[in-house]
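Contents: one structure, followed by commentary.
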Amino acid sequence: MPSDYVDFDVLANVSSWRQAIRRVESPPYAVRILTTAYQQLGFTPPKSSIIEASFAMSSAVAQMHAYYVAAQSVTLSSRPILLYYGMLHLAKAIAIIANPYYGDTLESQKHGLSIRRKKGRYEYFKDRVFIQKNGVFLDWYTSLHMLTKIWTIPGMAVHARASTDNLAHASLPVLELWRCLPDLAPLISLLGKNSRCTNLNLTNIHNVFAEGISSNPLPHVKRLAQDVGLTLDDISQYLQQFYDPVTSIHGWSCIERSHNSSQGTNTNVIICVPPLSASLLNDFSFPEPLVYFALLFQLSMLQRYEPMEWVSLTNDPMSLEYMIIEVLGDNTLSLTPYLFSCLIKEIEQTMQK
């Protein structure tokens, strides 16, 4: 089995990621991580700032750890808040790695997302999440953009060809966010909707993908364009801009659901188109963990402020809504700490050079 293949059954065991990131909860060790990161990023902060940042990062990681562990011991009805705050602290830890002065402003304390208050009859799948100009969501996005230019971080690669300010106020339909999760395609189909993801099995991907999409579109790509309501030209342009067949760094394909055969000629990848307008797709990719973050934010807001809607959504374990929220929680617990540990390990390898 290739070293970059992730066994999700193994990741379901909390110890597999807990042991990998536990050492970062130590501020002295965090100083070493941050010193290396800032050198690579071109920052030259005074040692006092690095020490201060190390306490902030180690505390954020400890909080992430605590929330995730707590989320494993509660029922689904109270899990989203714990998962969301766990991801919030993970995002802040990554932002600190990318910026020694992160957290000094009030904007960094904002979530960076919003939803509308509920009026009248509520339909969950017609709800929307709105990206705000300031706050953790875009801070995390920007930080990943900076970090993935230096280190390959499976599942967290971000490509931005324009200022992230252009993402501010973008509307993310809840149903479209759910359609972005490959693991949920069978359940989403029960809603009468197709996934925004497709599986491609390509031979000699290095040659076929870059050339074949525009000149001779694959049936899967044609179907994907139809499913997401975009033209084939829009889809082709997006995939060619942000898919890298050498490193497989493109949105969801780098979640490591990609699996190379022993001969290395057949590659099975999952590609996904995020719920952004065609104009935004020309400039931005959108990694799967940010979809988790947006969905968990919306669910936690319901849980906190809309108890009637929340109970109605989760009171039936046999409902589709209950099932997809359950999968989202499981994936959050198994995947996001692992991806964070990948970043830490990449920095540690740089330390050893």
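Naming scheme: A, B, ... for chains in displayed order of the structure tokens; residues 1 onward per chain; ligands 1 onward as shown.
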Using only C-alpha atoms, find each residue of region 278-306 of chain A with at least one atom at most 12 Å away from an atom of region 320-344 of chain A; report its shortest atom-to-atom pair and that distance in Å (one decimal), sort the rows by chain and rising residue number, and return the result as CSV.
residue,atom,partner,partner_atom,distance
A:Pro287,CA,A:Thr336,CA,11.4
A:Glu288,CA,A:Thr336,CA,9.6
A:Pro289,CA,A:Thr336,CA,6.7
A:Leu290,CA,A:Thr336,CA,10.0
A:Val291,CA,A:Leu328,CA,10.0
A:Tyr292,CA,A:Thr332,CA,7.0
A:Phe293,CA,A:Thr332,CA,9.0
A:Ala294,CA,A:Leu328,CA,11.4
A:Leu295,CA,A:Leu328,CA,8.6
A:Leu296,CA,A:Leu328,CA,8.4
A:Gln298,CA,A:Ile325,CA,11.6
A:Leu299,CA,A:Ile325,CA,8.8
A:Ser300,CA,A:Ile325,CA,11.4
All strand (DSSP E) positions in region 14-224 of chain A, as a PDB file with C-alpha atoms, in the first residue's frame:
ATOM      1  CA  LEU A 113     -19.561  32.833   8.470  1.00  0.00           C
ATOM      2  CA  SER A 114     -23.189  33.747   9.012  1.00  0.00           C
ATOM      3  CA  ARG A 128     -27.573  29.048   3.117  1.00  0.00           C
ATOM      4  CA  VAL A 129     -24.238  29.898   4.710  1.00  0.00           C
ATOM      5  CA  PHE A 130     -22.657  33.254   3.887  1.00  0.00           C
ATOM      6  CA  ILE A 131     -18.912  33.926   3.883  1.00  0.00           C
ATOM      7  CA  SER A 171     -23.536  32.328  -0.646  1.00  0.00           C
ATOM      8  CA  LEU A 172     -23.056  28.601  -0.002  1.00  0.00           C
ATOM      9  CA  PRO A 173     -26.339  26.669  -0.310  1.00  0.00           C
ATOM     10  CA  CYS A 197     -18.089  14.774  -7.185  1.00  0.00           C
ATOM     11  CA  THR A 198     -17.131  12.162  -9.725  1.00  0.00           C
ATOM     12  CA  ASN A 199     -14.740   9.250  -9.760  1.00  0.00           C
ATOM     13  CA  LEU A 200     -12.267   9.104 -12.633  1.00  0.00           C
ATOM     14  CA  ASN A 201     -10.167   6.077 -13.486  1.00  0.00           C
ATOM     15  CA  LEU A 202      -7.537   7.285 -15.887  1.00  0.00           C
ATOM     16  CA  THR A 203      -4.658   5.509 -17.546  1.00  0.00           C
TER      17      THR A 203
END
As an MDAnalysis selection string, which residues of region 71-223 of chain A does DSSP assign to helix (DSSP H, G or I)?
chainID A and resid 71 76:98 106:109 124:126 136:147 164:167 174:178 182:189 205:215 219:223
### Message
Applying 9 Å and only C-alpha atoms, which residues near Leu144 (chain A) remain after dropping the ones on its own chain fewer than 3 positions away? List them as number ranges by chain.
### Response
A: 94-95, 98, 139-141, 147-149, 153, 156-159
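Residue nearest Met301 (chain A) within the list A:Arg32, A:His89, A:Arg161, A:Arg117: A:Arg117 [criterion: smallest interatomic distance, only C-alpha atoms].
Atom to atom, CA of Gly155 (chain A) and CA of Ile21 (chain A) stand 16.9 Å apart.
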Counting only C-alpha atoms, what is within 12 Å of Ala37 (chain A), bar same-chain residues fewer than 4 positions away, as a count of residues only? 34
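Note that the spacing between CA of Leu224 (chain A) and CA of Phe125 (chain A) amounts to 20.8 Å.
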Skip Tyr122 (chain A) itself and residues of its chain fewer than 3 positions away, then list as a count of residues only all residues within 12 Å of it, counting only C-alpha atoms. 15
Next on the checklist: Report, in Å with one decimal, the straight-line distance from CA of Ser236 (chain A) to CA of Phe284 (chain A).
Outcome noted: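 Taking CA of Ser236 (chain A) as the start and CA of Phe284 (chain A) as the end point, the length is 14.2 Å.
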Next item on the list: Please identify all polymer residues within 9 Å of Ala168 (chain A), counting only C-alpha atoms, omitting same-chain residues fewer than 4 positions from it, and present them as a ChimeraX atom specification.
Entry: /A:130-134,138,164
If you count only C-alpha atoms, the residue of A:Cys272, A:Gln237, A:Leu83, A:Phe297 closest to Glu176 (chain A) turns out to be A:Cys272
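Considering the residues A:Ala70, A:Ile51, A:Ala60, A:Asp234 and counting only C-alpha atoms, Tyr101 (chain A) has its shortest atom-to-atom contact with A:Ile51.
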